[in-house]
Each structure stands twice: as structure tokens, then as C-alpha cells.
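Okay, start.txt is below, compact mmCIF, C-alpha atoms:
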```txt
# COMPACT_ATOMS: atom_id res chain seq x y z
CA MET A 12 -32.13 -7.69 -5.92
CA GLU A 13 -34.35 -6.04 -3.27
CA ASN A 14 -33.13 -6.50 0.29
CA ASN A 15 -33.38 -4.88 3.69
CA LEU A 16 -29.81 -5.53 4.68
CA VAL A 17 -28.08 -2.80 6.64
CA ALA A 18 -24.47 -2.63 5.54
CA LEU A 19 -21.31 -1.13 7.03
CA VAL A 20 -18.32 -0.55 4.77
CA CYS A 21 -14.97 -0.06 6.43
CA ASP A 22 -11.97 0.89 4.27
CA ASP A 23 -9.32 3.60 4.59
CA SER A 24 -9.67 4.33 0.86
CA ILE A 25 -12.31 6.91 -0.16
CA LEU A 26 -12.36 5.34 -3.61
CA ILE A 27 -13.14 1.88 -2.27
CA ARG A 28 -15.87 3.22 0.05
CA LYS A 29 -17.35 5.07 -2.93
CA LYS A 30 -17.25 1.92 -5.10
CA PHE A 31 -18.85 -0.15 -2.35
CA HIS A 32 -21.58 2.46 -1.93
CA THR A 33 -22.39 2.39 -5.65
CA ILE A 34 -22.35 -1.42 -5.82
CA LEU A 35 -24.38 -1.95 -2.64
CA THR A 36 -26.96 0.61 -3.84
CA GLN A 37 -27.16 -1.30 -7.15
CA CYS A 38 -27.73 -4.45 -5.08
CA GLY A 39 -30.73 -2.81 -3.41
CA CYS A 40 -29.20 -2.02 0.00
CA LYS A 41 -30.92 1.08 1.38
CA THR A 42 -28.89 1.74 4.52
CA ILE A 43 -25.12 1.90 4.13
CA PHE A 44 -22.82 3.19 6.87
CA GLU A 45 -19.15 3.93 6.42
CA ALA A 46 -15.99 3.83 8.54
CA GLU A 47 -12.44 4.70 7.53
CA ASN A 48 -10.36 2.74 10.04
CA GLY A 49 -10.64 -0.14 12.48
CA VAL A 50 -11.50 2.07 15.46
CA GLN A 51 -14.41 3.67 13.61
CA ALA A 52 -15.51 0.25 12.33
CA VAL A 53 -15.94 -1.05 15.88
CA GLU A 54 -17.77 2.12 16.99
CA GLN A 55 -20.09 2.13 13.96
CA ALA A 56 -20.79 -1.60 14.21
CA ILE A 57 -21.86 -1.31 17.85
CA ALA A 58 -23.91 1.84 17.23
CA GLN A 59 -25.65 0.78 13.98
CA LYS A 60 -25.81 -3.01 14.42
CA PRO A 61 -25.56 -3.79 10.68
CA ASP A 62 -26.44 -7.15 9.11
CA VAL A 63 -23.30 -7.24 7.00
CA ILE A 64 -19.89 -5.59 7.29
CA PHE A 65 -17.30 -5.29 4.54
CA LEU A 66 -14.02 -4.89 6.39
CA ASP A 67 -10.63 -4.04 4.90
CA ILE A 68 -7.60 -5.66 6.55
CA VAL A 69 -4.63 -3.30 6.06
CA MET A 70 -5.70 -0.03 7.71
CA PRO A 71 -4.17 2.58 9.97
CA ASP A 72 -5.10 2.90 13.68
CA LYS A 73 -6.58 -0.57 14.04
CA ASP A 74 -6.31 -3.25 11.37
CA GLY A 75 -9.23 -5.31 10.11
CA ILE A 76 -8.36 -8.49 12.00
CA GLU A 77 -8.32 -6.63 15.35
CA ALA A 78 -11.60 -4.89 14.50
CA LEU A 79 -13.12 -8.25 13.49
CA LYS A 80 -12.23 -9.77 16.87
CA GLU A 81 -13.74 -6.86 18.82
CA ILE A 82 -16.93 -6.65 16.76
CA LYS A 83 -17.54 -10.39 17.03
CA VAL A 84 -17.43 -10.21 20.86
CA THR A 85 -20.32 -7.71 20.93
CA LEU A 86 -22.16 -8.79 17.77
CA PRO A 87 -21.55 -12.52 17.26
CA GLU A 88 -24.30 -12.84 14.60
CA VAL A 89 -23.11 -10.12 12.22
CA LYS A 90 -21.78 -11.33 8.89
CA ILE A 91 -18.30 -9.87 8.42
CA ILE A 92 -16.73 -10.13 4.98
CA MET A 93 -13.03 -9.32 4.92
CA ALA A 94 -12.34 -7.29 1.75
CA SER A 95 -8.67 -7.02 0.90
CA SER A 96 -6.20 -7.25 -1.95
CA ALA A 97 -3.88 -9.22 0.35
CA GLY A 98 -5.78 -12.50 0.70
CA THR A 99 -2.77 -14.56 1.78
CA SER A 100 -3.40 -17.99 3.29
CA ASN A 101 -2.25 -16.80 6.75
CA LEU A 102 -4.67 -13.87 6.76
CA LEU A 103 -7.51 -16.03 5.45
CA LYS A 104 -6.95 -18.60 8.20
CA GLU A 105 -6.77 -15.90 10.86
CA ALA A 106 -9.89 -14.16 9.62
CA LEU A 107 -11.92 -17.36 9.47
CA LYS A 108 -10.62 -18.48 12.88
CA ASN A 109 -11.89 -15.21 14.34
CA GLY A 110 -15.36 -15.54 12.90
CA ALA A 111 -15.20 -13.87 9.47
CA TYR A 112 -18.08 -14.98 7.26
CA ASP A 113 -16.20 -14.83 3.96
CA PHE A 114 -13.39 -13.16 2.06
CA LEU A 115 -13.61 -10.79 -0.89
CA GLN A 116 -10.44 -10.50 -2.94
CA LYS A 117 -10.04 -6.97 -4.33
CA PRO A 118 -10.61 -5.47 -6.87
CA ILE A 119 -14.27 -5.38 -5.83
CA THR A 120 -16.84 -5.98 -8.53
CA LEU A 121 -20.63 -6.03 -8.66
CA GLU A 122 -20.59 -9.77 -9.41
CA LYS A 123 -18.51 -10.62 -6.33
CA VAL A 124 -20.70 -8.52 -4.00
CA VAL A 125 -23.96 -9.87 -5.49
CA SER A 126 -22.85 -13.46 -5.00
CA LEU A 127 -21.94 -12.79 -1.32
CA LEU A 128 -25.21 -10.97 -0.57
CA GLU A 129 -27.23 -13.73 -2.28
CA LYS A 130 -25.50 -16.28 -0.08
CA ILE A 131 -26.37 -14.28 3.06
CA LEU A 132 -30.01 -13.77 1.99
CA LYS A 133 -30.41 -17.46 1.12
CA GLU A 134 -29.10 -18.52 4.52
CA ALA A 135 -31.42 -16.04 6.29
CA LYS A 136 -34.52 -17.68 4.75
CA MET B 15 3.80 -4.50 -24.78
CA PHE B 16 6.31 -5.78 -27.32
CA SER B 17 5.50 -2.86 -29.62
CA GLN B 18 6.64 -0.38 -26.96
CA TYR B 19 9.94 -2.23 -26.45
CA PHE B 20 10.68 -2.72 -30.08
CA GLY B 21 9.61 0.87 -30.77
CA HIS B 22 12.11 2.16 -28.23
CA TYR B 23 14.80 0.03 -29.80
CA LEU B 24 14.08 1.62 -33.19
CA LEU B 25 14.22 5.01 -31.49
CA ASN B 26 17.57 4.31 -29.82
CA ARG B 27 18.99 3.10 -33.13
CA SER B 28 17.77 6.34 -34.77
CA LEU B 29 15.64 4.33 -37.19
CA LEU B 30 12.64 6.40 -36.12
CA THR B 31 12.14 9.79 -34.49
CA HIS B 32 10.16 10.15 -31.28
CA GLU B 33 7.37 11.82 -33.23
CA GLU B 34 7.21 9.02 -35.79
CA LEU B 35 7.13 6.33 -33.11
CA THR B 36 4.35 8.12 -31.20
CA LYS B 37 2.35 8.42 -34.41
CA ALA B 38 2.83 4.73 -35.24
CA LEU B 39 1.89 3.63 -31.70
CA ASP B 40 -1.16 5.90 -31.84
CA ILE B 41 -2.56 4.37 -35.00
CA GLU B 42 -1.35 0.85 -34.19
CA LYS B 43 -4.65 -0.20 -32.61
CA SER B 44 -6.71 0.86 -35.60
CA VAL B 45 -4.66 -0.78 -38.35
CA HIS B 46 -5.67 -3.96 -40.08
CA VAL B 47 -2.66 -6.21 -40.40
CA LYS B 48 -2.41 -7.32 -44.01
CA LEU B 49 -1.45 -10.83 -45.02
CA GLY B 50 1.55 -9.54 -46.97
CA VAL B 51 3.08 -8.08 -43.81
CA ILE B 52 2.67 -11.37 -41.96
CA ALA B 53 4.01 -13.37 -44.91
CA VAL B 54 7.24 -11.31 -44.97
CA ASP B 55 7.49 -11.47 -41.16
CA LYS B 56 7.23 -15.26 -41.34
CA GLY B 57 9.72 -15.45 -44.20
CA LEU B 58 7.21 -17.00 -46.59
CA LEU B 59 7.30 -14.18 -49.14
CA THR B 60 9.79 -11.49 -50.11
CA SER B 61 8.78 -7.84 -50.20
CA ALA B 62 8.99 -7.98 -54.01
CA GLN B 63 6.56 -10.91 -54.16
CA VAL B 64 4.12 -9.04 -51.88
CA GLU B 65 4.38 -6.03 -54.17
CA GLU B 66 3.63 -8.24 -57.19
CA VAL B 67 0.51 -9.66 -55.49
CA HIS B 68 -0.63 -6.12 -54.58
CA GLU B 69 -0.21 -5.05 -58.22
CA LYS B 70 -2.32 -8.03 -59.37
CA GLN B 71 -4.95 -7.16 -56.77
CA LYS B 72 -5.44 -3.80 -58.49
CA GLN B 73 -6.37 -5.62 -61.69
CA VAL B 74 -8.56 -8.48 -60.40
CA ASP B 75 -11.18 -8.61 -57.67
CA LYS B 76 -9.50 -11.31 -55.62
CA ARG B 77 -8.08 -11.60 -52.16
CA PHE B 78 -4.36 -11.45 -51.40
CA GLY B 79 -4.27 -15.12 -50.40
CA GLU B 80 -6.04 -16.33 -53.54
CA ILE B 81 -3.63 -14.48 -55.83
CA ALA B 82 -0.56 -15.65 -53.90
CA VAL B 83 -1.79 -19.27 -54.27
CA GLU B 84 -2.45 -18.78 -57.98
CA LEU B 85 1.04 -17.40 -58.46
CA GLY B 86 2.44 -20.44 -56.68
CA TYR B 87 3.99 -18.38 -53.88
CA LEU B 88 1.86 -19.83 -51.08
CA THR B 89 -0.16 -22.98 -50.45
CA VAL B 90 -3.77 -22.83 -49.17
CA ALA B 91 -2.54 -24.19 -45.82
CA GLN B 92 0.04 -21.39 -45.58
CA VAL B 93 -2.62 -18.76 -46.28
CA GLU B 94 -4.77 -20.22 -43.50
CA GLU B 95 -1.82 -20.13 -41.13
CA LEU B 96 -1.15 -16.49 -42.03
CA ILE B 97 -4.78 -15.58 -41.32
CA SER B 98 -4.49 -17.17 -37.89
CA HIS B 99 -1.49 -14.92 -37.15
CA GLN B 100 -3.33 -11.73 -38.06
CA LYS B 101 -3.84 -10.72 -34.42
CA GLN B 102 -0.19 -10.86 -33.33
CA SER B 103 0.54 -7.63 -31.52
CA HIS B 104 4.01 -6.92 -32.91
CA LEU B 105 2.59 -6.93 -36.41
CA TYR B 106 0.27 -4.04 -35.62
CA LEU B 107 3.34 -1.85 -35.19
CA ALA B 108 4.82 -3.21 -38.41
CA GLN B 109 1.61 -2.45 -40.31
CA ALA B 110 1.38 1.03 -38.76
CA LEU B 111 4.96 1.80 -39.84
CA VAL B 112 4.28 0.51 -43.36
CA ASP B 113 1.00 2.46 -43.60
CA LEU B 114 2.77 5.66 -42.53
CA ASN B 115 5.56 5.01 -45.07
CA LEU B 116 8.12 5.11 -42.25
CA MET B 117 9.55 1.67 -43.02
CA ASN B 118 9.00 -1.13 -45.48
CA MET B 119 8.56 -4.73 -44.41
CA GLU B 120 12.10 -5.67 -45.31
CA GLN B 121 13.51 -2.93 -43.07
CA PHE B 122 11.16 -3.96 -40.26
CA SER B 123 12.24 -7.59 -40.51
CA ALA B 124 15.92 -6.62 -40.55
CA ALA B 125 15.43 -4.46 -37.45
CA LEU B 126 13.62 -7.31 -35.66
CA HIS B 127 16.52 -9.60 -36.51
CA ASP B 128 19.06 -7.07 -35.16
CA TYR B 129 17.00 -6.59 -31.98
CA LYS B 130 17.08 -10.32 -31.30
CA LYS B 131 20.83 -10.37 -31.84
CA ALA B 132 21.48 -7.27 -29.70
CA TYR B 133 19.73 -8.82 -26.70
CA SER B 134 21.05 -12.36 -27.31
CA LEU B 135 17.53 -13.75 -27.41
CA SER B 136 16.98 -17.38 -28.32
CA ASP B 137 14.26 -18.19 -30.86
CA ASP B 138 11.98 -19.38 -28.04
CA GLN B 139 12.56 -16.28 -25.90
CA PHE B 140 12.01 -14.02 -28.87
CA GLU B 141 8.81 -15.82 -29.82
CA ASN B 142 7.57 -15.60 -26.20
CA ILE B 143 8.26 -11.87 -26.03
CA ARG B 144 6.57 -11.30 -29.38
CA ASN B 145 3.54 -13.18 -28.11
CA GLY B 146 3.32 -10.99 -25.02
CA ASP B 147 4.96 -13.17 -22.36
CA VAL B 148 5.59 -10.68 -19.54
CA GLU B 149 8.00 -12.83 -17.49
CA THR B 150 10.39 -13.21 -20.42
CA LEU B 151 10.08 -9.52 -21.15
CA ILE B 152 10.95 -8.56 -17.56
CA ASP B 153 13.99 -10.85 -17.62
CA HIS B 154 14.92 -9.05 -20.79
CA ILE B 155 14.49 -5.62 -19.11
CA LEU B 156 16.78 -6.78 -16.31
CA ILE B 157 19.34 -8.12 -18.78
CA HIS B 158 22.08 -5.73 -17.63
CA GLN B 159 21.45 -6.41 -13.92
CA ASP B 160 23.27 -9.10 -11.97
CA ALA B 161 21.65 -12.41 -10.99
CA GLU B 162 20.95 -11.23 -7.44
CA ILE B 163 18.95 -8.22 -8.62
CA LYS B 164 17.01 -10.41 -11.06
CA ASP B 165 16.24 -12.82 -8.29
CA LYS B 166 15.03 -10.10 -5.93
CA TYR B 167 12.85 -8.09 -8.25
CA SER B 168 11.73 -10.05 -11.30
CA ALA B 169 8.55 -11.53 -9.72
CA TYR B 170 7.52 -8.10 -8.45
CA LEU B 171 8.23 -6.39 -11.77
CA SER B 172 6.42 -9.05 -13.85
CA LEU B 173 3.32 -8.63 -11.72
CA PHE B 174 3.66 -4.85 -11.80
CA ALA B 175 3.79 -4.87 -15.61
CA LYS B 176 0.70 -7.10 -15.75
CA ASN B 177 -1.22 -4.93 -13.25
CA MET B 178 -0.28 -1.74 -15.08
CA VAL B 179 -1.62 -3.26 -18.29
CA ARG B 180 -4.70 -4.68 -16.54
CA PHE B 181 -5.71 -1.60 -14.57
CA ILE B 182 -4.01 1.51 -15.96
CA ASP B 183 -2.44 1.55 -19.40
CA ASN B 184 -1.84 -1.18 -21.96
CA GLN B 185 0.96 0.72 -23.69
CA ILE B 186 3.55 0.91 -20.94
CA TYR B 187 7.30 0.73 -21.26
CA LEU B 188 9.50 -0.15 -18.27
CA GLU B 189 13.22 0.47 -18.12
CA VAL B 190 15.69 0.17 -15.28
CA VAL B 191 17.50 3.50 -15.04
CA ASP B 192 20.65 4.65 -13.32
CA GLU B 193 20.39 5.23 -9.56
CA LYS B 194 21.46 8.81 -10.16
CA ALA B 195 18.49 9.29 -12.46
CA ILE B 196 16.00 9.36 -9.57
CA GLU B 197 14.03 12.52 -10.09
CA GLN B 198 12.34 14.51 -7.41
CA GLY B 199 8.69 13.88 -8.18
CA GLN B 200 5.85 16.06 -6.97
CA TRP B 201 4.32 13.14 -5.11
CA VAL B 202 5.63 9.98 -3.52
CA VAL B 203 3.20 7.13 -2.85
CA TYR B 204 4.80 4.36 -0.82
CA GLN B 205 4.15 1.15 1.03
CA LYS B 206 6.37 -1.16 3.07
CA ILE B 207 6.22 -4.93 2.83
CA ALA B 208 7.55 -6.86 5.82
CA GLY B 209 8.41 -10.52 6.42
CA ASP B 210 11.02 -12.94 5.09
CA ALA B 211 11.45 -10.94 1.90
CA PRO B 212 10.98 -7.28 2.95
CA LEU B 213 10.51 -4.70 0.24
CA PHE B 214 10.02 -0.95 0.13
CA THR B 215 7.86 0.10 -2.81
CA ALA B 216 7.15 3.60 -4.06
CA PHE B 217 5.76 5.56 -7.01
CA ASN B 218 7.57 8.84 -7.60
CA LEU B 219 5.19 10.88 -9.76
CA PRO B 220 4.78 14.28 -11.39
CA GLU B 221 1.32 15.75 -10.94
CA ASP B 222 0.02 15.13 -14.48
CA VAL B 223 0.90 11.44 -14.36
CA LEU B 224 -0.62 11.10 -10.89
CA LEU B 225 -3.84 12.52 -12.34
CA HIS B 226 -3.69 10.11 -15.30
CA VAL B 227 -3.19 7.04 -13.10
CA ALA B 228 -5.86 8.26 -10.65
CA SER B 229 -8.42 8.97 -13.38
CA VAL B 230 -7.99 5.59 -15.04
CA TYR B 231 -8.02 3.63 -11.78
CA ALA B 232 -10.99 5.54 -10.32
CA GLU B 233 -12.80 5.36 -13.68
CA GLU B 234 -13.63 9.06 -13.60
CA ASP B 235 -12.01 12.23 -14.90
CA ILE B 236 -9.92 13.66 -12.07
CA THR B 237 -8.38 17.06 -12.86
CA GLN B 238 -7.08 18.16 -9.45
CA VAL B 239 -4.81 16.49 -6.95
CA ASP B 240 -7.53 16.19 -4.33
CA GLU B 241 -8.15 13.48 -1.74
CA LEU B 242 -9.74 11.17 -4.31
CA ALA B 243 -6.80 11.53 -6.72
CA LYS B 244 -4.24 10.77 -4.01
CA ASP B 245 -6.35 7.94 -2.69
CA ALA B 246 -6.83 6.33 -6.11
CA VAL B 247 -3.09 6.16 -6.85
CA SER B 248 -2.33 4.91 -3.33
CA GLU B 249 -5.05 2.30 -3.65
CA PHE B 250 -3.61 1.08 -6.94
CA LEU B 251 -0.22 0.54 -5.25
CA ASN B 252 -2.02 -1.18 -2.36
CA LEU B 253 -3.96 -3.44 -4.70
CA HIS B 254 -0.85 -4.38 -6.65
CA ASN B 255 1.14 -5.09 -3.48
CA GLY B 256 -1.75 -7.11 -2.07
CA ILE B 257 -1.79 -9.34 -5.15
CA TYR B 258 2.01 -9.65 -4.85
CA LEU B 259 1.58 -10.84 -1.25
CA VAL B 260 -0.97 -13.44 -2.38
CA ASN B 261 1.42 -14.71 -5.08
CA MET B 262 4.30 -14.88 -2.60
CA SER B 263 2.07 -16.68 -0.10
CA ASN B 264 1.20 -19.25 -2.77
CA TRP B 265 4.94 -19.76 -3.30
CA GLY B 266 5.45 -20.30 0.44
CA THR B 267 6.67 -16.85 1.56
CA GLU B 268 4.35 -15.09 3.98
CA LEU B 269 4.55 -11.30 3.96
CA THR B 270 2.55 -8.45 5.48
CA MET B 271 2.21 -4.84 4.43
CA SER B 272 1.71 -1.51 6.18
CA PRO B 273 -0.97 0.95 5.10
CA GLN B 274 0.05 2.89 1.98
CA GLN B 275 1.06 6.53 2.39
CA ILE B 276 1.45 9.59 0.18
CA ALA B 277 3.75 12.57 0.66
CA PRO B 278 3.89 15.78 -1.41
CA ALA B 279 7.10 16.95 -3.10
CA ALA B 280 9.07 14.53 -0.99
CA HIS B 281 12.76 14.02 -1.53
CA ILE B 282 13.26 10.30 -1.38
CA SER B 283 16.55 8.47 -1.10
CA GLY B 284 17.58 4.87 -0.59
CA ASP B 285 19.41 1.99 -2.20
CA PHE B 286 16.80 1.74 -4.95
CA LEU B 287 16.36 -0.12 -8.17
CA PRO B 288 14.75 2.77 -10.06
CA VAL B 289 12.40 1.71 -12.85
CA GLN B 290 11.20 4.28 -15.34
CA VAL B 291 7.53 3.65 -16.20
CA GLU B 292 6.41 5.28 -19.42
CA THR B 293 2.65 5.53 -19.88
CA THR B 294 0.74 7.06 -22.78
CA LYS B 295 0.32 10.21 -20.67
CA GLY B 296 3.81 10.65 -19.21
CA THR B 297 6.47 9.01 -17.11
CA PHE B 298 6.84 8.14 -13.44
CA GLN B 299 9.30 6.08 -11.44
CA LEU B 300 8.78 2.88 -9.54
CA LEU B 301 11.35 2.69 -6.74
CA LEU B 302 12.10 -0.65 -5.14
CA THR B 303 14.54 -1.78 -2.50
CA THR B 304 14.92 -4.84 -0.34
CA ASP B 305 17.12 -2.73 1.97
CA VAL B 306 14.15 -1.07 3.70
CA GLN B 307 16.44 0.54 6.31
CA SER B 308 18.23 2.56 3.61
CA VAL B 309 15.10 4.58 2.77
CA THR B 310 14.58 8.15 3.91
CA ILE B 311 11.68 10.38 2.90
```
Would you kindly transcribe this structure into C-alpha cells?
Amino acid sequence: MENNLVALVCDDSILIRKKFHTILTQCGCKTIFEAENGVQAVEQAIAQKPDVIFLDIVMPDKDGIEALKEIKVTLPEVKIIMASSAGTSNLLKEALKNGAYDFLQKPITLEKVVSLLEKILKEAK
Amino acid sequence: MFSQYFGHYLLNRSLLTHEELTKALDIEKSVHVKLGVIAVDKGLLTSAQVEEVHEKQKQVDKRFGEIAVELGYLTVAQVEELISHQKQSHLYLAQALVDLNLMNMEQFSAALHDYKKAYSLSDDQFENIRNGDVETLIDHILIHQDAEIKDKYSAYLSLFAKNMVRFIDNQIYLEVVDEKAIEQGQWVVYQKIAGDAPLFTAFNLPEDVLLHVASVYAEEDITQVDELAKDAVSEFLNLHNGIYLVNMSNWGTELTMSPQQIAPAAHISGDFLPVQVETTKGTFQLLLTTDVQSVTI
């Protein structure tokens, strides 16, 4: 699955960032940036202007929903996928209302990430 | 999971030693459950009849089922039914105990019968537990707790048991222990859940068990309590609590959770329901309380 997507992974867990890195590399992504909290996510998003962001929700400093709102103001076109184990209906509604592209229910797997990236690439054609 | 529970019952009744139980649980996965064991378990044959069929088998090149039909002990339909039961998990333990000469089938059946009686289990409940129904098993673990405790914690504990089996260890044993039995672990991983049904959740772990849980969850061999090890265990608690929030949301209760945290050699106190979690590599404690204010770390 060759692609030129620039990805940003934002999660306070080293393990999850590591898993995302492995999976995104397997998916053919060549440029992957990382952030470990909401504050860093906003900074990295503005600095690197990625095509796709995987954003955790429950994080210290600034949570994913707040980061989503701020990133969308500056980068309205970026595809932000909320990646969380806590995909409750309230959070889903709030994320979608604030411009999230999709939701990835943890645990993350290669299949789930592939299907999301394929959707993004198909829409970009 | 039934094997672990029934195994502990045999241990508590001094019908097995700890060493014998460990050995039986170790080989349980590799045993091939024989039709004779299932036939006695189902009450279709006596141990003596099984012995007779085994003796015949030494003389003629025929299968157990064929000989039992020829002797008039079983019908073809019964043999087919027994074959379909060959993958029942509780029978793996029975076969392991028989193979190790620690018990015969008659003793195993009698102990199963006593177990059912000791816990006042109905036939349906017993059958559900034997077939791996986690909800019934958790109700059974909470048997000595009052209705309020059951109400507060059973959904959380059922999901916890399933997630432990799904992500960490399929041979776990959970037991509610006395409040005074809270040990000072080397690490405390904790996370608060807020909303209409607040809950404080924590793992109280010795270092070796933390490394076991971390290694399995991270899918790599972790030998030191480094950032990755601490993160992996915390992330497992976070994942489990996240799924709990989704379940509660589906049942109409919206909850939120704070980021998970880990503290070394912390002394933790609170109005907890302490649950002992035995894994194949050691024991840790799951500490739960709906009285979040009572917790100090």
C-alpha cells in the first residue's frame, strides 16, 4: 500500500506510539511525526502540516477533543482520526461535531488502520 | 477459566496439593480428552464400564465408541454426542488429573458434584460456568458479597475477567479477598472514572507480575521496569477502562476517565473491594471503590 501521506500520531502511551509507527510503516507511510500530549499535538500539527492525524482522547495537559478543535481552526482540511479505547456515544458525537474524520476504537490493529487510510486515499483521488 | 476455579476448590478441600494442581493445569492444554472421561462426566458410563472398554481396546483394533456400542453400553447417537463434547474446557482438567494418576473419573465427578452443592449452583448456572460463561462465574465469585456490592462491581469484574483472558493470560483466577489483605505492591497503576457511577480503579503489583503483564501486552520480552514496561501496564488498564466506559455508555450511563497514572512502591488505602488476580506468572491485586474520595496514595 504505497502512499505519500504524512502522518502525525498523538498518544501519551509510548507503546501505542510505537505500535502506530510499526503499522503506519507497514502501510507505506514514509513520514511519521509523534506527539505525546494535546499541547504537542497542536504544535506538531501546525509545524508539520500532516495529511492525517491519529489523536488519542484521554491525555494529560490537553485532551484530544481540545486539541482537535484547535488544530481544525488552523488546518481545516487535515483528516483527524480519534483513536481511543473510550469510544462512548457522547465522545463520538463531540468528536464528529468538531470535525473529526473518523474514530478508531482501540486496540489498534493493522486491519483497522489500513481500512482508514484506504478510505482517505480513495477520497483524495 | 472454570479449570482454575475448580482447581482451587480441589486445593482448598485438600484433594490436591498446590504442586499437583500446577502440574495438571500445565499439561491441561496438551491433553486429548478421551471419550471415556466424557462418558463418566455425562453419567452415561460408570468408571468400571470405561475400564472394561479400555481392556477390550488392548485386544482389538477398534475405537472406544465402537466397542462401547458393541457391548451395548452406548448407542451410536450417544457416541456422536460425546465426540461433540470433546472440547469442553473443564474436561481438559479432568483428563490431565486422570493422566497424572492424581484422581480417577469417579473422584472427579464426585468433587464436581460437591462443588455445585457447596456454592448452591443450579443445574443451569453450573452448566453455564462449565461452558465458560464469565458473567455467571463473576456472580459466583461475589457469592459472599451483599447485593449492593454485586450491583456495583459485577459488570466491571466480568469485563475485567474477559479482558485479562483476551489480552494477558487465559488461565487467571479471581478471588475477592479481605480488606485487610491489601498488600503493599511495588507499583500502583491507577485511573479514576468520573460521572454518574464514579469508580477508582487500580492494579497493585509486584515487579515480576508487572513485567509479565507488560511483556504480554506489549508483545515483547520486557525484563526491566523501564518506561515501556510501566506504560504497557498502564495502557492495559486504560484500554480495559475505555471498553468499560463504552459498555456503560451503551447501557445509558455516560462516564469519563482521567489519564492513567503509575506510582512506585506506593502505599494505597481506601474503602476498596480488593480482588486477588492470579496469573500463570504470579499474583497482583485489582482494587476497586465507588467511594473515590476515600482513596489516598
What are the residues of chain B that have an atom within 12 Å of an atom of chain A, counting all atoms listed in the file, as a compact mmCIF listing (two decimals) with C-alpha atoms, keeping the file's coordinate frame?
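So the final result, stored in out-v3.txt, reads:
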```
# COMPACT_ATOMS: atom_id res chain seq x y z
CA ASN B 177 -1.22 -4.93 -13.25
CA ARG B 180 -4.70 -4.68 -16.54
CA PHE B 181 -5.71 -1.60 -14.57
CA GLN B 205 4.15 1.15 1.03
CA LYS B 206 6.37 -1.16 3.07
CA ILE B 207 6.22 -4.93 2.83
CA ALA B 228 -5.86 8.26 -10.65
CA SER B 229 -8.42 8.97 -13.38
CA TYR B 231 -8.02 3.63 -11.78
CA ALA B 232 -10.99 5.54 -10.32
CA GLU B 233 -12.80 5.36 -13.68
CA GLU B 234 -13.63 9.06 -13.60
CA ASP B 240 -7.53 16.19 -4.33
CA GLU B 241 -8.15 13.48 -1.74
CA LEU B 242 -9.74 11.17 -4.31
CA ALA B 243 -6.80 11.53 -6.72
CA LYS B 244 -4.24 10.77 -4.01
CA ASP B 245 -6.35 7.94 -2.69
CA ALA B 246 -6.83 6.33 -6.11
CA VAL B 247 -3.09 6.16 -6.85
CA SER B 248 -2.33 4.91 -3.33
CA GLU B 249 -5.05 2.30 -3.65
CA PHE B 250 -3.61 1.08 -6.94
CA LEU B 251 -0.22 0.54 -5.25
CA ASN B 252 -2.02 -1.18 -2.36
CA LEU B 253 -3.96 -3.44 -4.70
CA HIS B 254 -0.85 -4.38 -6.65
CA ASN B 255 1.14 -5.09 -3.48
CA GLY B 256 -1.75 -7.11 -2.07
CA ILE B 257 -1.79 -9.34 -5.15
CA TYR B 258 2.01 -9.65 -4.85
CA LEU B 259 1.58 -10.84 -1.25
CA VAL B 260 -0.97 -13.44 -2.38
CA ASN B 261 1.42 -14.71 -5.08
CA MET B 262 4.30 -14.88 -2.60
CA SER B 263 2.07 -16.68 -0.10
CA ASN B 264 1.20 -19.25 -2.77
CA TRP B 265 4.94 -19.76 -3.30
CA GLY B 266 5.45 -20.30 0.44
CA THR B 267 6.67 -16.85 1.56
CA GLU B 268 4.35 -15.09 3.98
CA LEU B 269 4.55 -11.30 3.96
CA THR B 270 2.55 -8.45 5.48
CA MET B 271 2.21 -4.84 4.43
CA SER B 272 1.71 -1.51 6.18
CA PRO B 273 -0.97 0.95 5.10
CA GLN B 274 0.05 2.89 1.98
CA GLN B 275 1.06 6.53 2.39
```
**Study point:** Top pick for closest residue to A:Lys108, considering A:Ile76, A:Glu81, A:Ala94, A:Leu127 and counting all atoms listed in the file
**Key:**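 Using all atoms listed in the file, the shortest distance to A:Lys108 belongs to A:Ile76.
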Let me have the centre and edge lengths in Å, one decimal, of the box along x, y and z around every listed atom of stretch 121-134 of chain A with 3 Å of margin on each side, as AutoDock Vina command-line options.
```
--center_x -24.5 --center_y -12.3 --center_z -2.4 --size_x 17.9 --size_y 18.5 --size_z 19.9
```
Exercise for review: Determine, counting all atoms listed in the file, which protein, DNA and RNA residues have an atom within 6 Å of an atom of stretch 44-56 of chain A; residues of the same chain fewer than 5 positions away are not included. Present the result as a ChimeraX atom specification.
Suggested key: /A:19-23,70,73-75,78,82
Write a file of the selected residues as an mmCIF file, in the coordinates of the input, keeping C-alpha atoms.
```
data_model
loop_
_atom_site.group_PDB
_atom_site.id
_atom_site.type_symbol
_atom_site.label_atom_id
_atom_site.label_comp_id
_atom_site.auth_asym_id
_atom_site.auth_seq_id
_atom_site.Cartn_x
_atom_site.Cartn_y
_atom_site.Cartn_z
ATOM 1 C CA LEU A 19 -21.310 -1.130 7.030
ATOM 2 C CA VAL A 20 -18.320 -0.550 4.770
ATOM 3 C CA CYS A 21 -14.970 -0.060 6.430
ATOM 4 C CA ASP A 22 -11.970 0.890 4.270
ATOM 5 C CA ASP A 23 -9.320 3.600 4.590
ATOM 6 C CA MET A 70 -5.700 -0.030 7.710
ATOM 7 C CA LYS A 73 -6.580 -0.570 14.040
ATOM 8 C CA ASP A 74 -6.310 -3.250 11.370
ATOM 9 C CA GLY A 75 -9.230 -5.310 10.110
ATOM 10 C CA ALA A 78 -11.600 -4.890 14.500
ATOM 11 C CA ILE A 82 -16.930 -6.650 16.760
#
```
Exercise for review: Rounded to one decimal place, report the atom CA of B:Val223-atom CA of B:Trp201 distance in Å.
Suggested key: 10.0 Å
Review point. Quick one: distance from atom CA of B:Val112 to atom CA of B:Ile186 in Å, one decimal?
Key: 22.4 Å
